[in-house]
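Just work03.cif here, mmCIF, C-alpha atoms and all ligand atoms:
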data_run
loop_
_atom_site.label_atom_id
_atom_site.label_comp_id
_atom_site.auth_asym_id
_atom_site.auth_seq_id
_atom_site.Cartn_x
_atom_site.Cartn_y
_atom_site.Cartn_z
CA MET G 1142 86.39 86.22 107.60
CA THR G 1143 82.95 87.24 106.36
CA PRO G 1144 80.72 84.67 104.62
CA THR G 1145 81.35 86.34 101.25
CA GLU G 1146 85.12 86.36 101.78
CA HIS G 1147 84.99 82.71 102.77
CA GLN G 1148 83.28 81.78 99.49
CA GLN G 1149 85.65 83.89 97.42
CA ILE G 1150 88.78 82.36 98.90
CA ASP G 1151 87.38 78.86 98.47
CA ALA G 1152 86.75 79.68 94.81
CA VAL G 1153 90.45 80.53 94.19
CA LEU G 1154 92.01 78.13 96.69
CA ASP G 1155 93.59 75.97 94.00
CA ARG G 1156 95.47 79.06 92.77
CA VAL G 1157 96.36 80.14 96.30
CA LYS G 1158 97.86 76.83 97.47
CA PRO G 1159 101.01 76.94 95.32
CA LEU G 1160 101.77 80.40 96.76
CA LEU G 1161 101.70 79.25 100.39
CA ARG G 1162 104.64 78.37 102.60
CA PRO G 1163 105.23 74.59 102.36
CA LEU G 1164 104.11 73.90 105.94
CA ALA G 1165 101.12 76.20 105.62
CA ARG G 1166 100.07 74.42 102.44
CA GLN G 1167 100.42 71.05 104.11
CA VAL G 1168 98.22 72.15 107.02
CA VAL G 1169 95.67 73.84 104.76
CA GLU G 1170 95.34 70.70 102.65
CA ALA G 1171 94.96 68.51 105.73
CA GLU G 1172 92.81 70.72 107.95
CA GLY G 1173 91.55 73.66 105.90
CA TRP G 1174 92.45 77.35 106.08
CA LEU G 1175 90.08 78.39 108.85
CA GLY G 1176 91.30 78.18 112.44
CA GLY G 1177 89.21 77.63 115.56
CA GLY G 1178 88.93 81.25 116.66
CA THR G 1179 86.14 83.70 115.94
CA LYS G 1180 85.90 87.48 115.73
CA PHE G 1181 82.56 89.28 115.43
CA GLU G 1182 81.17 85.71 115.51
CA TRP G 1183 82.89 84.89 112.22
CA PRO G 1184 85.69 82.35 111.82
CA MET G 1185 89.31 83.51 111.75
CA VAL G 1186 92.06 82.39 109.39
CA ARG G 1187 94.31 79.58 110.61
CA VAL G 1188 97.77 80.41 111.95
CA VAL G 1189 100.77 78.15 111.29
CA ASP G 1190 104.15 78.81 112.91
CA ASP G 1191 102.76 82.06 114.37
CA TRP G 1192 101.88 83.42 110.93
CA CYS G 1193 98.60 83.57 109.05
CA VAL G 1194 98.50 80.68 106.56
CA PHE G 1195 98.20 83.23 103.76
CA PHE G 1196 101.46 84.98 104.68
CA ASN G 1197 104.49 84.10 102.61
CA GLY G 1198 106.85 87.06 102.63
CA GLY G 1199 103.70 89.14 102.09
CA CYS G 1200 100.02 88.38 101.70
CA VAL G 1201 99.40 85.85 98.93
CA LEU G 1202 95.73 86.91 98.75
CA HIS G 1203 96.92 90.47 98.06
CA GLN G 1204 99.37 89.14 95.47
CA LEU G 1205 96.70 87.09 93.70
CA GLY G 1206 94.19 89.93 93.75
CA ASP G 1207 96.81 92.27 92.30
CA ALA G 1208 97.46 89.78 89.50
CA ASP G 1209 93.71 89.76 88.80
CA GLY G 1210 93.55 93.56 88.73
CA ASP G 1211 92.49 94.54 92.28
CA PHE G 1212 94.56 93.90 95.43
CA SER G 1213 91.41 93.71 97.55
CA LEU G 1214 89.62 91.02 95.55
CA TYR G 1215 90.40 88.13 97.90
CA LYS G 1216 91.81 89.80 101.01
CA PRO G 1217 89.60 89.95 104.14
CA ILE G 1218 88.18 93.44 104.60
CA GLN G 1219 89.94 93.82 107.98
CA CYS G 1220 93.26 93.20 106.26
CA VAL G 1221 92.39 95.44 103.31
CA MET G 1222 91.59 98.36 105.60
CA PHE G 1223 94.51 98.06 108.04
CA PRO G 1224 95.59 100.44 109.57
CA LEU G 1225 92.39 102.40 108.98
CA GLU G 1226 89.76 102.02 111.69
CA PRO G 1227 86.15 103.25 111.64
CA ASN G 1228 85.19 105.68 114.40
CA GLY G 1229 81.61 104.48 114.34
CA ASP G 1230 80.28 107.83 113.16
CA GLY G 1231 81.09 107.50 109.47
CA THR G 1232 84.65 108.77 109.84
CA TRP G 1233 87.88 106.79 109.97
CA TYR G 1234 91.24 107.29 111.67
CA VAL G 1235 94.72 105.90 111.13
CA ARG G 1236 95.76 103.48 113.87
CA GLN G 1237 99.05 104.71 115.36
CA HIS G 1238 101.03 104.71 118.56
CA GLY G 1239 99.56 106.90 121.29
CA TYR G 1240 96.21 107.51 119.59
CA GLU G 1241 92.76 106.17 120.58
CA ASP G 1242 94.33 103.79 123.13
CA GLU G 1243 96.24 101.86 120.46
CA GLU G 1244 97.55 98.74 122.20
CA TRP G 1245 99.75 97.35 119.41
CA ASP G 1246 102.86 99.35 120.32
CA GLU G 1247 105.49 96.95 118.96
CA LEU G 1248 104.35 97.30 115.36
CA PHE G 1249 106.76 99.69 113.64
CA CYS G 1250 104.33 100.56 110.84
CA LEU G 1251 102.00 102.15 113.40
CA ASN G 1252 104.75 104.51 114.57
CA PRO G 1253 104.45 107.87 112.75
CA SER G 1254 108.09 108.68 113.60
CA ASN G 1255 109.19 105.95 111.15
CA THR G 1256 108.13 107.89 108.07
CA ASP G 1257 107.71 111.40 106.71
CA ARG G 1258 105.15 110.22 104.18
CA ARG G 1259 101.65 111.44 104.91
CA ALA G 1260 98.99 108.81 105.49
CA VAL G 1261 96.72 110.41 102.90
CA GLU G 1262 99.34 109.44 100.31
CA ALA G 1263 100.63 106.16 101.74
CA LEU G 1264 97.09 104.86 102.40
CA ALA G 1265 95.43 106.14 99.24
CA SER G 1266 94.30 102.62 98.21
CA GLU G 1267 92.85 101.86 101.65
CA ILE G 1268 91.10 105.24 101.79
CA ALA G 1269 89.55 104.52 98.38
CA VAL G 1270 88.10 101.26 99.74
CA ALA G 1271 86.81 103.06 102.88
CA GLU G 1272 84.94 105.47 100.61
CA THR G 1273 83.13 102.56 98.97
CA LEU G 1274 82.03 101.11 102.32
CA GLY G 1275 79.69 103.96 103.16
CA SER G 1276 79.33 105.97 106.34
CA ALA G 1277 77.33 103.35 108.23
CA PHE G 1278 79.99 100.64 107.95
CA ARG G 1279 81.02 98.86 111.17
CA TRP G 1280 83.29 95.88 111.72
CA GLY G 1281 81.15 92.79 111.89
CA GLU G 1282 79.22 93.62 108.74
CA ASP G 1283 79.70 91.74 105.50
CA PRO G 1284 80.40 94.44 102.89
CA GLY G 1285 80.62 91.86 100.13
CA GLY G 1286 83.96 90.78 98.84
CA THR G 1287 84.11 91.84 95.27
CA GLY G 1288 87.00 94.26 95.57
CA ASN G 1289 87.18 98.04 95.77
CA SER G 1290 84.73 98.83 93.05
CA GLY G 1291 82.12 96.31 94.12
CA ARG G 1292 81.83 97.23 97.78
CA THR G 1293 78.80 99.45 97.88
CA SER G 1294 76.96 98.62 101.11
S1 LIG K 1301 96.90 90.47 105.15
FE1 LIG K 1301 95.44 89.20 106.29
S2 LIG K 1301 95.05 87.40 105.00
FE2 LIG K 1301 96.90 88.38 104.25
S3 LIG K 1301 98.59 87.36 105.30
FE3 LIG K 1301 98.09 89.14 106.53
S4 LIG K 1301 96.61 88.42 108.05
FE4 LIG K 1301 96.71 86.87 106.41
#
What do you get writing this file as structure tokens?
Amino acid sequence: MTPTEHQQIDAVLDRVKPLLRPLARQVVEAEGWLGGGTKFEWPMVRVVDDWCVFFNGGCVLHQLGDADGDFSLYKPIQCVMFPLEPNGDGTWYVRQHGYEDEEWDELFCLNPSNTDRRAVEALASEIAVAETLGSAFRWGEDPGGTGNSGRTS
């Protein structure tokens, strides 16, 4: 969760809470939505009952962003981009079974044999966001959190 994303979620938290699972809402109200873990030295979202607190049959941050006109408005950039991954040289690849040492082999959506739809079509929204991030983007950078059109760094 980048500093910008943190601020943006806090700003809409009152709208997010009613969308949460009942137990997740209870925990968020008592202890907050950040857990104790870190990634790239930034805090990670809290998990309740093995699920991200923002999961409720889908991502409620995605749902709220969509309602406000841009699915990526409030979603963490790592979640927005999944399953796209930067190569570190300005290009991106699609995470999938058997490619670039992918370790997450139980996730059906990373198995190309489960669909005939080409990634360039299925991931058009994610690719559009990747194009706004610029060729120098790496995980661990804060690209801002203003949605597709606002990410320019
Ligand atoms: S997309 Fe990210 S923020 Fe949304 S529910 Fe999944 S892990 Fe949580």
Quick one: residues within 10 Å of range 1170-1176 of chain G, only C-alpha atoms, excluding same-chain residues fewer than 5 positions away - as a PyMOL selection string?
chain G and resi 1142+1147+1150-1151+1154+1158+1164-1165+1184-1189+1193-1195
Within 6 Å of ligand LIG 1301 (chain K), counting only C-alpha atoms and all ligand atoms, which protein or nucleic acid residues do you find, written as a ChimeraX atom specification?
/G:1193,1195-1196,1200,1202,1216,1220
Quick one: distance from CA of Phe1212 in chain G to CA of Ser1266 in chain G in Å, one decimal?
9.2 Å
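Minimum atom-to-atom distances from G:Pro1253, G:Pro1163, G:Gly1177, G:Pro1217 to Trp1280 in chain G were compared using all atoms listed in the file, and the lowest value belongs to G:Pro1217.
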What separates CA of Asp1155 in chain G and CA of Asn1197 in chain G is a distance of 16.1 Å
Extract, using only C-alpha atoms, all DNA, RNA and protein residues at most 12 Å from range 1225-1233 of chain G, discarding same-chain residues fewer than 2 positions from it, and format them as a short mmCIF file (atom, residue, chain, number, x, y, z; two decimals) with C-alpha atoms, keeping the file's coordinate frame.
data_model
loop_
_atom_site.label_atom_id
_atom_site.label_comp_id
_atom_site.auth_asym_id
_atom_site.auth_seq_id
_atom_site.Cartn_x
_atom_site.Cartn_y
_atom_site.Cartn_z
CA ILE G 1218 88.18 93.44 104.60
CA GLN G 1219 89.94 93.82 107.98
CA CYS G 1220 93.26 93.20 106.26
CA VAL G 1221 92.39 95.44 103.31
CA MET G 1222 91.59 98.36 105.60
CA PHE G 1223 94.51 98.06 108.04
CA VAL G 1235 94.72 105.90 111.13
CA ARG G 1236 95.76 103.48 113.87
CA GLN G 1237 99.05 104.71 115.36
CA TYR G 1240 96.21 107.51 119.59
CA GLU G 1241 92.76 106.17 120.58
CA GLU G 1243 96.24 101.86 120.46
CA LEU G 1251 102.00 102.15 113.40
CA ALA G 1260 98.99 108.81 105.49
CA VAL G 1261 96.72 110.41 102.90
CA ALA G 1263 100.63 106.16 101.74
CA LEU G 1264 97.09 104.86 102.40
CA ALA G 1265 95.43 106.14 99.24
CA SER G 1266 94.30 102.62 98.21
CA GLU G 1267 92.85 101.86 101.65
CA ILE G 1268 91.10 105.24 101.79
CA ALA G 1269 89.55 104.52 98.38
CA VAL G 1270 88.10 101.26 99.74
CA ALA G 1271 86.81 103.06 102.88
CA GLU G 1272 84.94 105.47 100.61
CA THR G 1273 83.13 102.56 98.97
CA LEU G 1274 82.03 101.11 102.32
CA GLY G 1275 79.69 103.96 103.16
CA SER G 1276 79.33 105.97 106.34
CA ALA G 1277 77.33 103.35 108.23
CA PHE G 1278 79.99 100.64 107.95
CA ARG G 1279 81.02 98.86 111.17
CA TRP G 1280 83.29 95.88 111.72
CA GLY G 1281 81.15 92.79 111.89
#
Separation of CA of Val1169 in chain G from CA of Gly1199 in chain G in Å:
17.5 Å
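Checking G:Trp1245, G:Glu1262, G:Asp1190, G:Ala1152 one by one against Val1168 in chain G, counting all atoms listed in the file, you find the shortest gap at G:Asp1190.
With all atoms listed in the file as the atoms that count, the minimum distance from Val1157 in chain G to the choices G:Leu1214, G:Cys1250, G:Ala1208, G:Val1201 is reached by G:Val1201.
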